[in-house]
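Asks: data-v7.pdb is the file, holding PDB, C-alpha atoms:
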```
MODEL        1
ATOM      1  CA  MET Q   1     -23.679  -4.531  37.747  1.00  0.00           C
ATOM      2  CA  THR Q   2     -22.671  -1.457  35.814  1.00  0.00           C
ATOM      3  CA  VAL Q   3     -21.908  -1.737  32.124  1.00  0.00           C
ATOM      4  CA  THR Q   4     -20.058   1.022  30.377  1.00  0.00           C
ATOM      5  CA  THR Q   5     -19.537   1.356  26.696  1.00  0.00           C
ATOM      6  CA  GLN Q   6     -16.827   3.219  24.916  1.00  0.00           C
ATOM      7  CA  GLN Q   7     -17.756   4.948  21.700  1.00  0.00           C
ATOM      8  CA  GLN Q   8     -15.181   5.359  18.993  1.00  0.00           C
ATOM      9  CA  ALA Q   9     -15.298   8.306  16.688  1.00  0.00           C
ATOM     10  CA  THR Q  10     -16.132   7.190  13.193  1.00  0.00           C
ATOM     11  CA  THR Q  11     -13.976   8.834  10.593  1.00  0.00           C
ATOM     12  CA  SER Q  12     -15.800   9.381   7.373  1.00  0.00           C
ATOM     13  CA  PHE Q  13     -13.790   9.657   4.207  1.00  0.00           C
ATOM     14  CA  GLU Q  14     -14.618  11.588   1.097  1.00  0.00           C
ATOM     15  CA  LYS Q  15     -15.217   9.022  -1.626  1.00  0.00           C
ATOM     16  CA  LEU Q  16     -13.615  10.119  -4.849  1.00  0.00           C
ATOM     17  CA  PHE Q  17     -13.718   8.344  -8.193  1.00  0.00           C
ATOM     18  CA  TRP Q  18     -11.278   8.106 -11.067  1.00  0.00           C
ATOM     19  CA  THR Q  19     -11.816   6.341 -14.378  1.00  0.00           C
ATOM     20  CA  TRP Q  20      -9.036   3.942 -15.302  1.00  0.00           C
ATOM     21  CA  GLN Q  21      -9.207   2.061 -18.596  1.00  0.00           C
ATOM     22  CA  GLY Q  22     -12.990   2.555 -18.587  1.00  0.00           C
ATOM     23  CA  TYR Q  23     -13.463   1.305 -15.002  1.00  0.00           C
ATOM     24  CA  LYS Q  24     -14.542   3.323 -11.961  1.00  0.00           C
ATOM     25  CA  ILE Q  25     -11.882   3.293  -9.220  1.00  0.00           C
ATOM     26  CA  GLN Q  26     -12.732   4.567  -5.737  1.00  0.00           C
ATOM     27  CA  TYR Q  27     -10.110   6.349  -3.646  1.00  0.00           C
ATOM     28  CA  THR Q  28      -9.771   8.862  -0.850  1.00  0.00           C
ATOM     29  CA  VAL Q  29      -7.157  11.443   0.078  1.00  0.00           C
ATOM     30  CA  MET Q  30      -6.526  13.233   3.359  1.00  0.00           C
ATOM     31  CA  GLY Q  31      -3.849  15.610   4.612  1.00  0.00           C
ATOM     32  CA  THR Q  32      -0.944  17.481   3.103  1.00  0.00           C
ATOM     33  CA  GLY Q  33       2.749  16.724   2.914  1.00  0.00           C
ATOM     34  CA  ARG Q  34       4.793  13.844   1.578  1.00  0.00           C
ATOM     35  CA  PRO Q  35       2.491  11.402  -0.242  1.00  0.00           C
ATOM     36  CA  LEU Q  36       1.726   7.927   1.073  1.00  0.00           C
ATOM     37  CA  VAL Q  37      -0.277   5.368  -0.905  1.00  0.00           C
ATOM     38  CA  LEU Q  38      -2.084   2.746   1.202  1.00  0.00           C
ATOM     39  CA  VAL Q  39      -2.763  -0.515  -0.641  1.00  0.00           C
ATOM     40  CA  HIS Q  40      -5.213  -2.930   1.000  1.00  0.00           C
ATOM     41  CA  GLY Q  41      -5.008  -6.703   1.112  1.00  0.00           C
ATOM     42  CA  PHE Q  42      -7.039  -9.357  -0.690  1.00  0.00           C
ATOM     43  CA  GLY Q  43     -10.725  -9.079   0.126  1.00  0.00           C
ATOM     44  CA  ALA Q  44     -10.312  -5.678   1.805  1.00  0.00           C
ATOM     45  CA  SER Q  45     -10.877  -2.054   0.812  1.00  0.00           C
ATOM     46  CA  ILE Q  46     -10.166   1.545   1.834  1.00  0.00           C
ATOM     47  CA  GLY Q  47     -12.012   0.786   5.081  1.00  0.00           C
ATOM     48  CA  HIS Q  48      -9.099  -1.467   6.052  1.00  0.00           C
ATOM     49  CA  TRP Q  49      -7.102   1.740   6.684  1.00  0.00           C
ATOM     50  CA  ARG Q  50      -9.876   3.704   8.481  1.00  0.00           C
ATOM     51  CA  LYS Q  51      -7.870   4.153  11.698  1.00  0.00           C
ATOM     52  CA  ASN Q  52      -4.537   4.780   9.963  1.00  0.00           C
ATOM     53  CA  ILE Q  53      -5.559   7.444   7.448  1.00  0.00           C
ATOM     54  CA  PRO Q  54      -6.383  10.234   9.937  1.00  0.00           C
ATOM     55  CA  VAL Q  55      -3.336   9.487  12.118  1.00  0.00           C
ATOM     56  CA  LEU Q  56      -0.939   9.573   9.157  1.00  0.00           C
ATOM     57  CA  ALA Q  57      -2.597  12.721   7.776  1.00  0.00           C
ATOM     58  CA  ALA Q  58      -2.267  14.420  11.189  1.00  0.00           C
ATOM     59  CA  ALA Q  59       1.430  13.444  11.212  1.00  0.00           C
ATOM     60  CA  GLY Q  60       2.014  15.570   8.119  1.00  0.00           C
ATOM     61  CA  TYR Q  61       1.461  13.216   5.199  1.00  0.00           C
ATOM     62  CA  GLN Q  62      -0.872  13.388   2.224  1.00  0.00           C
ATOM     63  CA  VAL Q  63      -2.519   9.981   2.493  1.00  0.00           C
ATOM     64  CA  PHE Q  64      -4.065   8.285  -0.525  1.00  0.00           C
ATOM     65  CA  ALA Q  65      -5.996   5.027  -0.154  1.00  0.00           C
ATOM     66  CA  ILE Q  66      -7.382   3.241  -3.184  1.00  0.00           C
ATOM     67  CA  ASP Q  67      -9.842   0.410  -3.710  1.00  0.00           C
ATOM     68  CA  LEU Q  68      -8.133  -1.879  -6.200  1.00  0.00           C
ATOM     69  CA  LEU Q  69     -10.117  -2.915  -9.260  1.00  0.00           C
ATOM     70  CA  GLY Q  70     -12.449  -5.703  -8.131  1.00  0.00           C
ATOM     71  CA  PHE Q  71     -12.650  -4.547  -4.487  1.00  0.00           C
ATOM     72  CA  GLY Q  72     -14.596  -2.123  -2.306  1.00  0.00           C
ATOM     73  CA  GLY Q  73     -16.270   0.720  -4.164  1.00  0.00           C
ATOM     74  CA  SER Q  74     -14.327   0.140  -7.394  1.00  0.00           C
ATOM     75  CA  ASP Q  75     -15.825  -1.630 -10.397  1.00  0.00           C
ATOM     76  CA  LYS Q  76     -15.768  -5.421 -10.394  1.00  0.00           C
ATOM     77  CA  PRO Q  77     -15.623  -6.391 -14.059  1.00  0.00           C
ATOM     78  CA  PRO Q  78     -15.441 -10.046 -15.123  1.00  0.00           C
ATOM     79  CA  LEU Q  79     -11.785 -10.147 -16.145  1.00  0.00           C
ATOM     80  CA  ASN Q  80      -8.617 -12.040 -15.334  1.00  0.00           C
ATOM     81  CA  TYR Q  81      -7.281 -10.239 -12.243  1.00  0.00           C
ATOM     82  CA  THR Q  82      -3.504 -10.381 -11.989  1.00  0.00           C
ATOM     83  CA  VAL Q  83      -0.879  -8.582  -9.959  1.00  0.00           C
ATOM     84  CA  GLU Q  84       0.275  -6.983 -13.212  1.00  0.00           C
ATOM     85  CA  VAL Q  85      -3.176  -5.396 -13.695  1.00  0.00           C
ATOM     86  CA  TRP Q  86      -3.115  -3.943 -10.163  1.00  0.00           C
ATOM     87  CA  VAL Q  87       0.504  -2.731 -10.467  1.00  0.00           C
ATOM     88  CA  GLU Q  88      -0.416  -0.906 -13.685  1.00  0.00           C
ATOM     89  CA  LEU Q  89      -3.448   0.586 -11.915  1.00  0.00           C
ATOM     90  CA  LEU Q  90      -1.286   1.854  -9.029  1.00  0.00           C
ATOM     91  CA  LYS Q  91       1.357   3.284 -11.367  1.00  0.00           C
ATOM     92  CA  ASP Q  92      -1.253   5.087 -13.458  1.00  0.00           C
ATOM     93  CA  PHE Q  93      -3.049   6.336 -10.325  1.00  0.00           C
ATOM     94  CA  CYS Q  94       0.177   7.910  -9.068  1.00  0.00           C
ATOM     95  CA  LYS Q  95       0.897   9.544 -12.406  1.00  0.00           C
ATOM     96  CA  ALA Q  96      -2.647  10.964 -12.534  1.00  0.00           C
ATOM     97  CA  HIS Q  97      -3.013  12.130  -8.908  1.00  0.00           C
ATOM     98  CA  ILE Q  98       0.408  12.505  -7.246  1.00  0.00           C
ATOM     99  CA  GLN Q  99       3.029  14.889  -8.578  1.00  0.00           C
ATOM    100  CA  GLU Q 100       6.018  13.352  -6.786  1.00  0.00           C
ATOM    101  CA  PRO Q 101       7.271   9.876  -5.851  1.00  0.00           C
ATOM    102  CA  ALA Q 102       5.194   8.369  -3.028  1.00  0.00           C
ATOM    103  CA  ILE Q 103       5.872   5.916  -0.241  1.00  0.00           C
ATOM    104  CA  PHE Q 104       3.760   2.788  -0.740  1.00  0.00           C
ATOM    105  CA  ILE Q 105       2.379   0.996   2.315  1.00  0.00           C
ATOM    106  CA  GLY Q 106       0.743  -2.334   1.572  1.00  0.00           C
ATOM    107  CA  ASN Q 107      -0.838  -5.124   3.569  1.00  0.00           C
ATOM    108  CA  SER Q 108      -0.908  -8.742   2.355  1.00  0.00           C
ATOM    109  CA  ILE Q 109      -1.331  -8.727  -1.447  1.00  0.00           C
ATOM    110  CA  GLY Q 110      -1.091  -4.926  -1.176  1.00  0.00           C
ATOM    111  CA  GLY Q 111       2.424  -5.447   0.196  1.00  0.00           C
ATOM    112  CA  LEU Q 112       3.409  -7.501  -2.829  1.00  0.00           C
ATOM    113  CA  LEU Q 113       1.870  -4.905  -5.154  1.00  0.00           C
ATOM    114  CA  SER Q 114       3.731  -2.127  -3.320  1.00  0.00           C
ATOM    115  CA  LEU Q 115       7.000  -4.023  -3.691  1.00  0.00           C
ATOM    116  CA  MET Q 116       6.379  -4.541  -7.398  1.00  0.00           C
ATOM    117  CA  VAL Q 117       5.559  -0.853  -7.966  1.00  0.00           C
ATOM    118  CA  VAL Q 118       8.733   0.211  -6.125  1.00  0.00           C
ATOM    119  CA  ALA Q 119      10.876  -2.282  -8.072  1.00  0.00           C
ATOM    120  CA  GLU Q 120       9.310  -1.797 -11.515  1.00  0.00           C
ATOM    121  CA  HIS Q 121       8.317   1.893 -11.434  1.00  0.00           C
ATOM    122  CA  PRO Q 122      10.834   3.887  -9.382  1.00  0.00           C
ATOM    123  CA  GLU Q 123       9.653   7.070 -11.103  1.00  0.00           C
ATOM    124  CA  VAL Q 124       6.486   6.996  -8.943  1.00  0.00           C
ATOM    125  CA  ALA Q 125       7.912   5.399  -5.788  1.00  0.00           C
ATOM    126  CA  ALA Q 126      10.089   6.900  -3.063  1.00  0.00           C
ATOM    127  CA  GLY Q 127      10.007   3.761  -0.912  1.00  0.00           C
ATOM    128  CA  GLY Q 128       7.681   1.328   0.736  1.00  0.00           C
ATOM    129  CA  VAL Q 129       6.514  -0.556   3.783  1.00  0.00           C
ATOM    130  CA  LEU Q 130       5.268  -4.140   3.503  1.00  0.00           C
ATOM    131  CA  ILE Q 131       2.935  -5.458   6.191  1.00  0.00           C
ATOM    132  CA  ASN Q 132       2.337  -9.227   6.298  1.00  0.00           C
ATOM    133  CA  CYS Q 133       3.416  -9.338   2.670  1.00  0.00           C
ATOM    134  CA  ALA Q 134       1.837 -11.996   0.481  1.00  0.00           C
ATOM    135  CA  GLY Q 135       4.082 -14.117  -1.712  1.00  0.00           C
ATOM    136  CA  GLY Q 136       1.800 -13.776  -4.724  1.00  0.00           C
ATOM    137  CA  LEU Q 137      -1.128 -15.252  -6.568  1.00  0.00           C
ATOM    138  CA  SER Q 138       0.999 -17.814  -8.412  1.00  0.00           C
ATOM    139  CA  HIS Q 139       4.406 -19.484  -8.281  1.00  0.00           C
ATOM    140  CA  LYS Q 140       5.671 -16.774 -10.669  1.00  0.00           C
ATOM    141  CA  ASP Q 141       5.040 -14.068  -8.043  1.00  0.00           C
ATOM    142  CA  VAL Q 142       6.711 -16.082  -5.280  1.00  0.00           C
ATOM    143  CA  MET Q 143       9.753 -16.583  -7.507  1.00  0.00           C
ATOM    144  CA  PHE Q 144       9.820 -12.810  -8.238  1.00  0.00           C
ATOM    145  CA  LEU Q 145       9.792 -11.992  -4.529  1.00  0.00           C
ATOM    146  CA  GLY Q 146      12.385 -14.665  -3.680  1.00  0.00           C
ATOM    147  CA  ALA Q 147      14.735 -13.533  -6.439  1.00  0.00           C
ATOM    148  CA  LEU Q 148      14.679  -9.938  -5.219  1.00  0.00           C
ATOM    149  CA  PHE Q 149      14.861 -10.675  -1.497  1.00  0.00           C
ATOM    150  CA  PRO Q 150      16.440 -14.050  -0.718  1.00  0.00           C
ATOM    151  CA  LEU Q 151      17.194 -13.247   2.936  1.00  0.00           C
ATOM    152  CA  GLY Q 152      14.086 -14.884   4.340  1.00  0.00           C
ATOM    153  CA  ASP Q 153      10.608 -13.923   5.343  1.00  0.00           C
ATOM    154  CA  GLY Q 154       9.439 -11.150   7.610  1.00  0.00           C
ATOM    155  CA  ALA Q 155       8.683  -7.474   7.286  1.00  0.00           C
ATOM    156  CA  LEU Q 156      10.433  -5.503   4.584  1.00  0.00           C
ATOM    157  CA  VAL Q 157      10.958  -1.865   5.429  1.00  0.00           C
ATOM    158  CA  PHE Q 158      12.454   0.503   2.937  1.00  0.00           C
ATOM    159  CA  ASN Q 159      13.483   4.136   2.627  1.00  0.00           C
ATOM    160  CA  ASP Q 160      15.768   6.040   4.984  1.00  0.00           C
ATOM    161  CA  GLU Q 161      12.774   7.858   6.464  1.00  0.00           C
ATOM    162  CA  ILE Q 162      11.613   4.562   7.949  1.00  0.00           C
ATOM    163  CA  GLN Q 163      15.047   3.433   9.143  1.00  0.00           C
ATOM    164  CA  ILE Q 164      14.171   4.421  12.720  1.00  0.00           C
ATOM    165  CA  LEU Q 165      11.351   1.856  12.757  1.00  0.00           C
ATOM    166  CA  HIS Q 166      13.768  -0.724  11.416  1.00  0.00           C
ATOM    167  CA  SER Q 167      16.315  -0.102  14.168  1.00  0.00           C
ATOM    168  CA  GLN Q 168      13.585  -0.141  16.825  1.00  0.00           C
ATOM    169  CA  LEU Q 169      12.654  -3.624  15.628  1.00  0.00           C
ATOM    170  CA  GLY Q 170      16.238  -4.756  16.200  1.00  0.00           C
ATOM    171  CA  CYS Q 171      16.796  -5.821  12.584  1.00  0.00           C
ATOM    172  CA  GLN Q 172      20.368  -6.329  11.442  1.00  0.00           C
ATOM    173  CA  SER Q 173      20.259  -7.623   7.857  1.00  0.00           C
ATOM    174  CA  PHE Q 174      20.595  -5.437   4.761  1.00  0.00           C
ATOM    175  CA  CYS Q 175      19.050  -6.049   1.318  1.00  0.00           C
ATOM    176  CA  PRO Q 176      19.592  -4.710  -2.202  1.00  0.00           C
ATOM    177  CA  LEU Q 177      17.747  -1.620  -3.393  1.00  0.00           C
ATOM    178  CA  PRO Q 178      17.359   1.048  -0.724  1.00  0.00           C
ATOM    179  CA  LEU Q 179      15.646  -1.290   1.710  1.00  0.00           C
ATOM    180  CA  LEU Q 180      16.210  -3.200   4.895  1.00  0.00           C
ATOM    181  CA  CYS Q 181      14.857  -6.631   5.802  1.00  0.00           C
ATOM    182  CA  CYS Q 182      13.863  -7.992   9.180  1.00  0.00           C
TER     183      CYS Q 182
ENDMDL
END
```
Please render this file's structure as structure tokens.
Replies:
Amino acid sequence: MTVTTQQQATTSFEKLFWTWQGYKIQYTVMGTGRPLVLVHGFGASIGHWRKNIPVLAAAGYQVFAIDLLGFGGSDKPPLNYTVEVWVELLKDFCKAHIQEPAIFIGNSIGGLLSLMVVAEHPEVAAGGVLINCAGGLSHKDVMFLGALFPLGDGALVFNDEIQILHSQLGCQSFCPLPLLCC
């Protein structure tokens, strides 16, 4: 019996730190071009995006990935974590590190946070992609999401640049704001 193993190249990311409201926030950046901000899900970190960051950077994007406060290499202070805290963190991060509106790509709770940044802070957001979007941490968040997008569940894809993906998925419905729902 012959056993073969396949080794995967491990991409190592430069770990950068930024101080936000007195807390250390870890992030990484790779590539040049239009900015993307990758927002991980609950219980995850920058490592969640380890295979996506180099591919997106090679495709001509400047890719930022951030460990939200309380996750990964960022500080984990004993405070009341809310989506509002994380949205403020993301908005301030963009104002401090990105000089133009970015496309937000979020998974799970990161999807909800991305949606909230796009809806509440259009000055820092050019669009967004929601992957397995969470409804929220409370009934208030679910009501926020349902009020904005009452067409049902599924992936939300916004921005004309991503319209090709939307049409490839065979989606037909259209939502308010510059976004399409599947």
Asks: To test your reading of the syntax: which residues would the PyMOL selection byres ((chain Q and resi 111-122) around 7) return for the file shown? Reply as a list in words.
Replies: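 Against this file, the PyMOL selection byres ((chain Q and resi 111-122) around 7) returns the residues Val83, Val87, Lys91, Phe104, Ile105, Gly106, Asn107, Ser108, Ile109, Gly110, Glu123, Val124, Ala125, Gly127, Gly128, Leu130, Ile131, Cys133, Ala134, Gly135 and Gly136 of chain Q.
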Asks: What lies within 9 Å of range 22-37 of chain Q using all atoms listed in the file, ignoring chain neighbours under 2 positions off, as a PDB file with C-alpha atoms, keeping the file's coordinate frame?
Replies:
```pdb
ATOM      1  CA  PHE Q  13     -13.790   9.657   4.207  1.00  0.00           C
ATOM      2  CA  GLU Q  14     -14.618  11.588   1.097  1.00  0.00           C
ATOM      3  CA  LYS Q  15     -15.217   9.022  -1.626  1.00  0.00           C
ATOM      4  CA  LEU Q  16     -13.615  10.119  -4.849  1.00  0.00           C
ATOM      5  CA  PHE Q  17     -13.718   8.344  -8.193  1.00  0.00           C
ATOM      6  CA  TRP Q  18     -11.278   8.106 -11.067  1.00  0.00           C
ATOM      7  CA  THR Q  19     -11.816   6.341 -14.378  1.00  0.00           C
ATOM      8  CA  TRP Q  20      -9.036   3.942 -15.302  1.00  0.00           C
ATOM      9  CA  VAL Q  39      -2.763  -0.515  -0.641  1.00  0.00           C
ATOM     10  CA  ILE Q  46     -10.166   1.545   1.834  1.00  0.00           C
ATOM     11  CA  ILE Q  53      -5.559   7.444   7.448  1.00  0.00           C
ATOM     12  CA  PRO Q  54      -6.383  10.234   9.937  1.00  0.00           C
ATOM     13  CA  LEU Q  56      -0.939   9.573   9.157  1.00  0.00           C
ATOM     14  CA  ALA Q  57      -2.597  12.721   7.776  1.00  0.00           C
ATOM     15  CA  ALA Q  58      -2.267  14.420  11.189  1.00  0.00           C
ATOM     16  CA  ALA Q  59       1.430  13.444  11.212  1.00  0.00           C
ATOM     17  CA  GLY Q  60       2.014  15.570   8.119  1.00  0.00           C
ATOM     18  CA  TYR Q  61       1.461  13.216   5.199  1.00  0.00           C
ATOM     19  CA  GLN Q  62      -0.872  13.388   2.224  1.00  0.00           C
ATOM     20  CA  VAL Q  63      -2.519   9.981   2.493  1.00  0.00           C
ATOM     21  CA  PHE Q  64      -4.065   8.285  -0.525  1.00  0.00           C
ATOM     22  CA  ALA Q  65      -5.996   5.027  -0.154  1.00  0.00           C
ATOM     23  CA  ILE Q  66      -7.382   3.241  -3.184  1.00  0.00           C
ATOM     24  CA  ASP Q  67      -9.842   0.410  -3.710  1.00  0.00           C
ATOM     25  CA  LEU Q  68      -8.133  -1.879  -6.200  1.00  0.00           C
ATOM     26  CA  LEU Q  69     -10.117  -2.915  -9.260  1.00  0.00           C
ATOM     27  CA  GLY Q  72     -14.596  -2.123  -2.306  1.00  0.00           C
ATOM     28  CA  GLY Q  73     -16.270   0.720  -4.164  1.00  0.00           C
ATOM     29  CA  SER Q  74     -14.327   0.140  -7.394  1.00  0.00           C
ATOM     30  CA  ASP Q  75     -15.825  -1.630 -10.397  1.00  0.00           C
ATOM     31  CA  LYS Q  76     -15.768  -5.421 -10.394  1.00  0.00           C
ATOM     32  CA  PRO Q  77     -15.623  -6.391 -14.059  1.00  0.00           C
ATOM     33  CA  LEU Q  90      -1.286   1.854  -9.029  1.00  0.00           C
ATOM     34  CA  CYS Q  94       0.177   7.910  -9.068  1.00  0.00           C
ATOM     35  CA  ILE Q  98       0.408  12.505  -7.246  1.00  0.00           C
ATOM     36  CA  GLU Q 100       6.018  13.352  -6.786  1.00  0.00           C
ATOM     37  CA  PRO Q 101       7.271   9.876  -5.851  1.00  0.00           C
ATOM     38  CA  ALA Q 102       5.194   8.369  -3.028  1.00  0.00           C
ATOM     39  CA  ILE Q 103       5.872   5.916  -0.241  1.00  0.00           C
ATOM     40  CA  PHE Q 104       3.760   2.788  -0.740  1.00  0.00           C
ATOM     41  CA  ILE Q 105       2.379   0.996   2.315  1.00  0.00           C
ATOM     42  CA  GLY Q 106       0.743  -2.334   1.572  1.00  0.00           C
ATOM     43  CA  SER Q 114       3.731  -2.127  -3.320  1.00  0.00           C
ATOM     44  CA  GLY Q 128       7.681   1.328   0.736  1.00  0.00           C
TER      45      GLY Q 128
END
```
Asks: Which centre and which edge lengths, in Å to one decimal, describe the axis-aligned box that holds all listed atoms of range 25-38 of chain Q after 8 Å is added on each side, as JSON?
Replies:
```
{"center_x": -4.0, "center_y": 10.1, "center_z": -2.3, "size_x": 33.5, "size_y": 30.7, "size_z": 29.8}
```
Asks: Grab the CA of Asn132 in chain Q to CA of Gln21 in chain Q distance for me, in Å with one decimal place.
Replies: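 Going from CA of Asn132 in chain Q over to CA of Gln21 in chain Q covers 29.7 Å.
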